[in-house]
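With TSV, C-alpha atoms inside, this is input-v2.tsv:
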```tsv
chain	number	residue	atom	x	y	z
A	985	SER	CA	74.37	4.81	28.61
A	986	GLN	CA	74.44	4.64	32.38
A	987	THR	CA	72.26	6.77	34.60
A	988	ILE	CA	71.94	7.04	38.35
A	989	HIS	CA	68.79	8.05	40.20
A	990	GLN	CA	68.21	9.15	43.75
A	991	TRP	CA	65.01	9.82	45.60
A	992	PRO	CA	63.59	11.67	47.16
A	993	ALA	CA	65.28	14.86	45.98
A	994	THR	CA	64.51	16.66	49.23
A	995	LEU	CA	63.32	15.45	52.60
A	996	VAL	CA	62.43	17.14	55.87
A	997	GLN	CA	62.20	14.79	58.83
A	998	PRO	CA	61.80	15.26	62.60
A	999	VAL	CA	64.47	14.11	65.01
A	1000	GLY	CA	63.94	10.48	65.98
A	1001	SER	CA	62.10	9.51	62.81
A	1002	PRO	CA	63.30	6.75	60.46
A	1003	LEU	CA	65.00	7.35	57.14
A	1004	SER	CA	65.17	5.54	53.84
A	1005	LEU	CA	66.99	6.98	50.81
A	1006	GLU	CA	67.15	5.04	47.60
A	1007	CYS	CA	69.65	4.95	44.78
A	1008	THR	CA	69.38	2.98	41.55
A	1009	VAL	CA	71.73	2.67	38.61
A	1010	GLU	CA	70.70	1.86	35.06
A	1011	GLY	CA	72.74	0.68	32.13
A	1012	THR	CA	75.42	-1.28	33.95
A	1013	SER	CA	75.74	-4.48	35.91
A	1014	ASN	CA	77.59	-5.33	39.10
A	1015	PRO	CA	78.66	-1.75	39.83
A	1016	ASN	CA	80.46	-0.62	42.94
A	1017	LEU	CA	78.06	1.65	44.81
A	1018	TYR	CA	78.82	4.40	47.29
A	1019	TRP	CA	77.01	6.66	49.74
A	1020	TYR	CA	78.58	10.02	50.58
A	1021	ARG	CA	77.40	12.81	52.83
A	1022	GLN	CA	78.15	16.46	52.23
A	1023	ALA	CA	77.47	18.50	55.37
A	1024	ALA	CA	77.59	22.27	55.73
A	1025	GLY	CA	80.62	23.36	53.77
A	1026	ARG	CA	81.83	21.36	50.82
A	1027	GLY	CA	83.65	18.20	51.87
A	1028	LEU	CA	82.54	14.75	50.71
A	1029	GLN	CA	82.49	12.12	53.43
A	1030	LEU	CA	82.32	8.48	52.35
A	1031	LEU	CA	79.74	6.64	54.46
A	1032	PHE	CA	79.33	3.20	52.85
A	1033	TYR	CA	80.41	1.30	49.79
A	1034	SER	CA	79.30	-1.98	48.27
A	1035	VAL	CA	81.01	-4.24	45.76
A	1036	GLY	CA	78.05	-6.59	45.38
A	1037	ILE	CA	74.61	-7.66	46.60
A	1038	GLY	CA	74.55	-7.89	50.37
A	1039	GLN	CA	78.15	-6.67	50.69
A	1040	ILE	CA	78.41	-3.44	52.64
A	1041	SER	CA	81.48	-1.75	54.06
A	1042	SER	CA	81.15	1.10	56.52
A	1043	GLU	CA	83.68	3.90	56.61
A	1044	VAL	CA	82.26	5.89	59.50
A	1045	PRO	CA	80.46	4.36	62.51
A	1046	GLN	CA	77.16	6.17	63.12
A	1047	ASN	CA	73.44	5.65	63.34
A	1048	LEU	CA	73.12	5.12	59.60
A	1049	SER	CA	73.11	1.81	57.78
A	1050	ALA	CA	73.12	0.72	54.15
A	1051	SER	CA	71.77	-2.22	52.25
A	1052	ARG	CA	72.03	-3.55	48.73
A	1053	PRO	CA	69.05	-5.79	48.08
A	1054	GLN	CA	69.56	-5.85	44.32
A	1055	ASP	CA	72.53	-5.48	42.01
A	1056	ARG	CA	71.74	-1.90	41.04
A	1057	GLN	CA	69.93	-0.71	44.15
A	1058	PHE	CA	71.54	0.89	47.18
A	1059	ILE	CA	69.57	2.06	50.20
A	1060	LEU	CA	70.63	4.31	53.07
A	1061	SER	CA	68.62	3.96	56.28
A	1062	SER	CA	68.35	5.10	59.82
A	1063	LYS	CA	66.08	3.96	62.62
A	1064	LYS	CA	66.24	7.30	64.46
A	1065	LEU	CA	67.51	10.47	62.85
A	1066	LEU	CA	69.70	12.96	64.68
A	1067	LEU	CA	70.02	16.68	63.98
A	1068	SER	CA	73.59	16.00	62.86
A	1069	ASP	CA	72.28	13.74	60.07
A	1070	SER	CA	71.20	16.80	58.09
A	1071	GLY	CA	73.11	17.18	54.85
A	1072	PHE	CA	73.30	16.44	51.17
A	1073	TYR	CA	73.46	12.69	50.50
A	1074	LEU	CA	75.08	11.53	47.32
A	1075	CYS	CA	75.08	8.11	45.74
A	1076	ALA	CA	77.82	7.20	43.28
A	1077	TRP	CA	78.85	4.24	41.16
A	1078	ASP	CA	81.85	2.96	39.28
A	1079	GLY	CA	83.00	-0.18	37.53
A	1080	THR	CA	84.23	-3.34	39.17
A	1081	SER	CA	87.63	-4.02	37.65
A	1082	GLY	CA	90.97	-2.31	37.95
A	1083	SER	CA	91.72	0.94	39.69
A	1084	TYR	CA	91.12	3.39	36.87
A	1085	ASN	CA	87.37	3.45	36.97
A	1086	GLU	CA	85.58	6.73	36.71
A	1087	GLN	CA	83.10	7.41	39.49
A	1088	PHE	CA	79.79	9.07	38.71
A	1089	PHE	CA	77.46	10.78	41.12
A	1090	GLY	CA	73.71	10.95	41.35
A	1091	PRO	CA	71.73	14.18	41.76
A	1092	GLY	CA	71.67	13.92	45.56
A	1093	THR	CA	69.07	14.08	48.33
A	1094	ARG	CA	68.87	17.14	50.55
A	1095	LEU	CA	67.94	15.96	54.06
A	1096	THR	CA	66.92	18.39	56.77
A	1097	VAL	CA	66.37	17.03	60.24
A	1098	LEU	CA	64.36	19.36	62.52
B	556	GLY	CA	95.51	6.23	54.10
B	557	GLU	CA	95.48	8.77	51.30
B	558	ASN	CA	95.30	12.45	52.23
B	559	VAL	CA	94.39	14.98	49.54
B	560	GLU	CA	95.02	18.69	50.16
B	561	GLN	CA	93.37	21.26	47.88
B	562	HIS	CA	94.13	24.97	47.53
B	563	PRO	CA	92.81	27.59	47.45
B	564	SER	CA	89.50	27.10	49.22
B	565	THR	CA	88.03	30.10	47.41
B	566	LEU	CA	89.07	31.75	44.16
B	567	SER	CA	87.63	34.80	42.45
B	568	VAL	CA	88.63	35.72	38.90
B	569	GLN	CA	87.36	38.05	36.24
B	570	GLU	CA	85.72	36.67	33.15
B	571	GLY	CA	88.34	35.80	30.57
B	572	ASP	CA	91.12	35.26	33.09
B	573	SER	CA	92.62	31.88	33.94
B	574	ALA	CA	91.99	29.93	37.12
B	575	VAL	CA	94.33	27.37	38.68
B	576	ILE	CA	93.47	24.95	41.48
B	577	LYS	CA	96.17	22.82	43.04
B	578	CYS	CA	96.07	19.52	44.91
B	579	THR	CA	98.65	17.39	46.65
B	580	TYR	CA	98.33	13.78	47.70
B	581	SER	CA	100.23	11.58	50.10
B	582	ASP	CA	99.95	8.00	48.80
B	583	SER	CA	102.46	7.34	46.03
B	584	ALA	CA	100.37	4.31	44.99
B	585	SER	CA	97.53	6.58	43.80
B	586	ASN	CA	97.25	6.32	40.04
B	587	TYR	CA	94.02	8.03	39.03
B	588	PHE	CA	93.22	11.72	39.55
B	589	PRO	CA	89.76	13.04	38.62
B	590	TRP	CA	88.33	16.54	38.93
B	591	TYR	CA	84.69	17.24	39.65
B	592	LYS	CA	82.55	20.34	39.25
B	593	GLN	CA	79.61	20.79	41.58
B	594	GLU	CA	76.96	23.40	40.96
B	595	LEU	CA	74.68	24.51	43.75
B	596	GLY	CA	72.20	21.82	44.76
B	597	LYS	CA	73.53	19.25	42.29
B	598	GLY	CA	75.74	16.20	42.42
B	599	PRO	CA	79.42	16.50	41.43
B	600	GLN	CA	80.08	16.10	37.73
B	601	LEU	CA	83.28	14.54	36.42
B	602	ILE	CA	84.90	17.10	34.13
B	603	ILE	CA	88.36	15.71	33.47
B	604	ASP	CA	90.72	13.08	34.81
B	605	ILE	CA	94.31	12.02	34.42
B	606	ARG	CA	96.05	8.74	34.95
B	607	SER	CA	99.51	8.25	36.40
B	608	ASN	CA	101.15	7.41	33.09
B	609	VAL	CA	100.24	10.84	31.66
B	610	GLY	CA	101.68	14.22	32.61
B	611	GLU	CA	99.09	16.50	31.05
B	612	LYS	CA	95.63	16.27	29.55
B	613	LYS	CA	93.55	18.95	27.89
B	614	ASP	CA	89.90	19.24	26.96
B	615	GLN	CA	89.00	22.55	25.34
B	616	ARG	CA	89.42	25.23	28.05
B	617	ILE	CA	90.24	22.76	30.80
B	618	ALA	CA	93.60	21.12	31.41
B	619	VAL	CA	95.05	19.00	34.17
B	620	THR	CA	98.72	18.44	34.95
B	621	LEU	CA	100.26	15.75	37.12
B	622	ASN	CA	103.67	15.64	38.76
B	623	LYS	CA	104.01	12.15	40.28
B	624	THR	CA	107.43	12.85	41.72
B	625	ALA	CA	106.18	15.83	43.70
B	626	LYS	CA	102.76	14.21	44.23
B	627	HIS	CA	100.74	17.14	43.05
B	628	PHE	CA	98.25	17.82	40.29
B	629	SER	CA	96.50	20.94	39.10
B	630	LEU	CA	93.39	22.03	37.23
B	631	HIS	CA	93.73	24.90	34.78
B	632	ILE	CA	90.71	26.71	33.35
B	633	THR	CA	91.44	29.26	30.63
B	634	GLU	CA	89.17	32.01	29.31
B	635	THR	CA	86.87	31.62	32.29
B	636	GLN	CA	83.16	32.28	31.89
B	637	PRO	CA	80.49	33.02	34.52
B	638	GLU	CA	79.09	29.51	34.04
B	639	ASP	CA	82.41	28.13	35.31
B	640	SER	CA	81.41	29.38	38.76
B	641	ALA	CA	81.00	26.32	40.98
B	642	VAL	CA	82.81	24.25	43.59
B	643	TYR	CA	85.61	22.11	42.18
B	644	PHE	CA	86.91	18.95	43.84
B	645	CYS	CA	90.08	17.07	43.15
B	646	ALA	CA	90.46	13.42	44.10
B	647	ALA	CA	93.06	10.67	44.07
B	648	ARG	CA	92.73	6.93	44.15
B	649	GLU	CA	94.47	3.66	44.01
B	650	TYR	CA	91.30	1.87	45.09
B	651	ALA	CA	89.04	4.19	47.12
B	652	LEU	CA	88.49	7.73	45.89
B	653	ASN	CA	89.81	10.37	48.31
B	654	PHE	CA	88.59	13.93	47.83
B	655	GLY	CA	90.03	17.32	48.54
B	656	LYS	CA	87.86	19.76	50.47
B	657	GLY	CA	86.88	21.74	47.41
B	658	THR	CA	87.52	25.15	45.85
B	659	SER	CA	84.71	27.62	45.39
B	660	LEU	CA	85.36	29.40	42.10
B	661	LEU	CA	83.58	32.65	41.31
B	662	VAL	CA	83.91	34.16	37.85
B	663	THR	CA	82.72	37.75	37.76
B	664	PRO	CA	81.59	39.39	34.50
```
Could you spell out this file's structure in structure tokens?
Amino acid sequence: SQTIHQWPATLVQPVGSPLSLECTVEGTSNPNLYWYRQAAGRGLQLLFYSVGIGQISSEVPQNLSASRPQDRQFILSSKKLLLSDSGFYLCAWDGTSGSYNEQFFGPGTRLTVL
Amino acid sequence: GENVEQHPSTLSVQEGDSAVIKCTYSDSASNYFPWYKQELGKGPQLIIDIRSNVGEKKDQRIAVTLNKTAKHFSLHITETQPEDSAVYFCAAREYALNFGKGTSLLVTP
């Protein structure tokens, strides 16, 4: 069966510091991978998605970036964090064919920028 | 692009009552409609979904209905229990998944 991991689970960082969040998926190959942010409140904002190694699409321009160095690894980064980057970051995956694919979420990373 | 509206934003019911959450979407090309449950501090969990060639789907106490003509779909939870308390998200997709803003459901004993 497929599983998705995120780490760290929680992170407290000062403003201006760098960021690296990691997501890995097990039990599948060539998944579509997604990064979402959930700020105060409940909405899910899509940040990045990737359909393959080295292929990244950005939905919202900001000081964050994403990379996919391996098939089942997705990394969210920032060179300098802002206060507004605080939130709950979720990684998700789904299949690669058709439009009926179920999307599954990881456990999330709670980021607090002080 | 797709726009998904979800109502109500908060819902409080007594244990044993039914809860209904409604969503509308704008893109008639959307053909897959999942529902997620998110408990505090956790990632959203897929609880049920429906595809555009189906009008209704049921899984124990949870059911989802879809009206493609009116472009709306609903989540129905019967015999609610306190553990049903969570935030529920609807979504619609043709390709990218577009989420509603969520409904905070509280089931009181």
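You will find CA of Tyr587 in chain B at 4.6 Å from CA of Arg606 in chain B.
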Which protein, DNA or RNA residues have an atom at most 8 Å from (82.6, 4.8, 56.1), counting only C-alpha atoms? List them as an mmCIF file with C-alpha atoms, keeping the file's coordinate frame.
```
data_model
loop_
_atom_site.group_PDB
_atom_site.id
_atom_site.type_symbol
_atom_site.label_atom_id
_atom_site.label_comp_id
_atom_site.auth_asym_id
_atom_site.auth_seq_id
_atom_site.Cartn_x
_atom_site.Cartn_y
_atom_site.Cartn_z
ATOM 1 C CA GLN A 1029 82.490 12.120 53.430
ATOM 2 C CA LEU A 1030 82.320 8.480 52.350
ATOM 3 C CA LEU A 1031 79.740 6.640 54.460
ATOM 4 C CA PHE A 1032 79.330 3.200 52.850
ATOM 5 C CA TYR A 1033 80.410 1.300 49.790
ATOM 6 C CA SER A 1041 81.480 -1.750 54.060
ATOM 7 C CA SER A 1042 81.150 1.100 56.520
ATOM 8 C CA GLU A 1043 83.680 3.900 56.610
ATOM 9 C CA VAL A 1044 82.260 5.890 59.500
ATOM 10 C CA PRO A 1045 80.460 4.360 62.510
#
```
Return the neighbours of chain A among the residues of chain B, cut-off 6 Å, counting all atoms listed in the file, as JSON, numbers by chain. {"B": [587, 597, 598, 649, 650, 656]}
Selection: 12 Å around Gly556 in chain B, all atoms listed in the file, excl. self and same-chain fewer than 3 positions, as a list in words: Val559, Tyr580, Ser581, Asp582, Ser583, Ala584, Ser585, Ala647, Arg648, Glu649, Tyr650, Ala651, Leu652 and Asn653 of chain B
Would you put the residues from that selection into a file with C-alpha atoms, as a PDB file, keeping the file's coordinate frame?
```pdb
ATOM      1  CA  VAL B 559      94.390  14.980  49.540  1.00  0.00           C
ATOM      2  CA  TYR B 580      98.330  13.780  47.700  1.00  0.00           C
ATOM      3  CA  SER B 581     100.230  11.580  50.100  1.00  0.00           C
ATOM      4  CA  ASP B 582      99.950   8.000  48.800  1.00  0.00           C
ATOM      5  CA  SER B 583     102.460   7.340  46.030  1.00  0.00           C
ATOM      6  CA  ALA B 584     100.370   4.310  44.990  1.00  0.00           C
ATOM      7  CA  SER B 585      97.530   6.580  43.800  1.00  0.00           C
ATOM      8  CA  ALA B 647      93.060  10.670  44.070  1.00  0.00           C
ATOM      9  CA  ARG B 648      92.730   6.930  44.150  1.00  0.00           C
ATOM     10  CA  GLU B 649      94.470   3.660  44.010  1.00  0.00           C
ATOM     11  CA  TYR B 650      91.300   1.870  45.090  1.00  0.00           C
ATOM     12  CA  ALA B 651      89.040   4.190  47.120  1.00  0.00           C
ATOM     13  CA  LEU B 652      88.490   7.730  45.890  1.00  0.00           C
ATOM     14  CA  ASN B 653      89.810  10.370  48.310  1.00  0.00           C
TER      15      ASN B 653
END
```
With only C-alpha atoms as the counted atoms, please give the residues lying no more than 7 Å from Ser1062 in chain A, apart from itself and same-chain residues fewer than 3 positions off, as a PDB file with C-alpha atoms, keeping the file's coordinate frame.
```pdb
ATOM      1  CA  PRO A1002      63.300   6.750  60.460  1.00  0.00           C
ATOM      2  CA  LEU A1003      65.000   7.350  57.140  1.00  0.00           C
ATOM      3  CA  SER A1004      65.170   5.540  53.840  1.00  0.00           C
ATOM      4  CA  ASN A1047      73.440   5.650  63.340  1.00  0.00           C
ATOM      5  CA  LEU A1048      73.120   5.120  59.600  1.00  0.00           C
ATOM      6  CA  SER A1049      73.110   1.810  57.780  1.00  0.00           C
ATOM      7  CA  LEU A1065      67.510  10.470  62.850  1.00  0.00           C
TER       8      LEU A1065
END
```
Given all atoms listed in the file as the basis, pick out the residue of A:Ile988, A:Leu1095, A:Leu1060, A:Ala1050 nearest to Thr1012 in chain A. A:Ile988
Near Val642 in chain B, within 8 Å and counting only C-alpha atoms, which residues show up once chain neighbours fewer than 4 positions away are dropped, as a PyMOL selection string? (chain A and resi 1026) or (chain B and resi 592-594+657-660)
Dump as a PDB file, keeping the file's coordinate frame, selection limited to C-alpha atoms:
```pdb
ATOM      1  CA  ARG A1026      81.830  21.360  50.820  1.00  0.00           C
TER       2      ARG A1026
ATOM      3  CA  LYS B 592      82.550  20.340  39.250  1.00  0.00           C
ATOM      4  CA  GLN B 593      79.610  20.790  41.580  1.00  0.00           C
ATOM      5  CA  GLU B 594      76.960  23.400  40.960  1.00  0.00           C
ATOM      6  CA  GLY B 657      86.880  21.740  47.410  1.00  0.00           C
ATOM      7  CA  THR B 658      87.520  25.150  45.850  1.00  0.00           C
ATOM      8  CA  SER B 659      84.710  27.620  45.390  1.00  0.00           C
ATOM      9  CA  LEU B 660      85.360  29.400  42.100  1.00  0.00           C
TER      10      LEU B 660
END
```
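For the choices A:Leu1017, A:Leu1067, A:Ala1024, A:Leu1098, the atom-to-atom distance to Ile1040 in chain A is smallest for A:Leu1017 when using only C-alpha atoms.
Note that the spacing between CA of Gln615 in chain B and CA of Gly1011 in chain A amounts to 28.1 Å.
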CA of Val1035 in chain A to CA of Ser1013 in chain A measures 11.2 Å
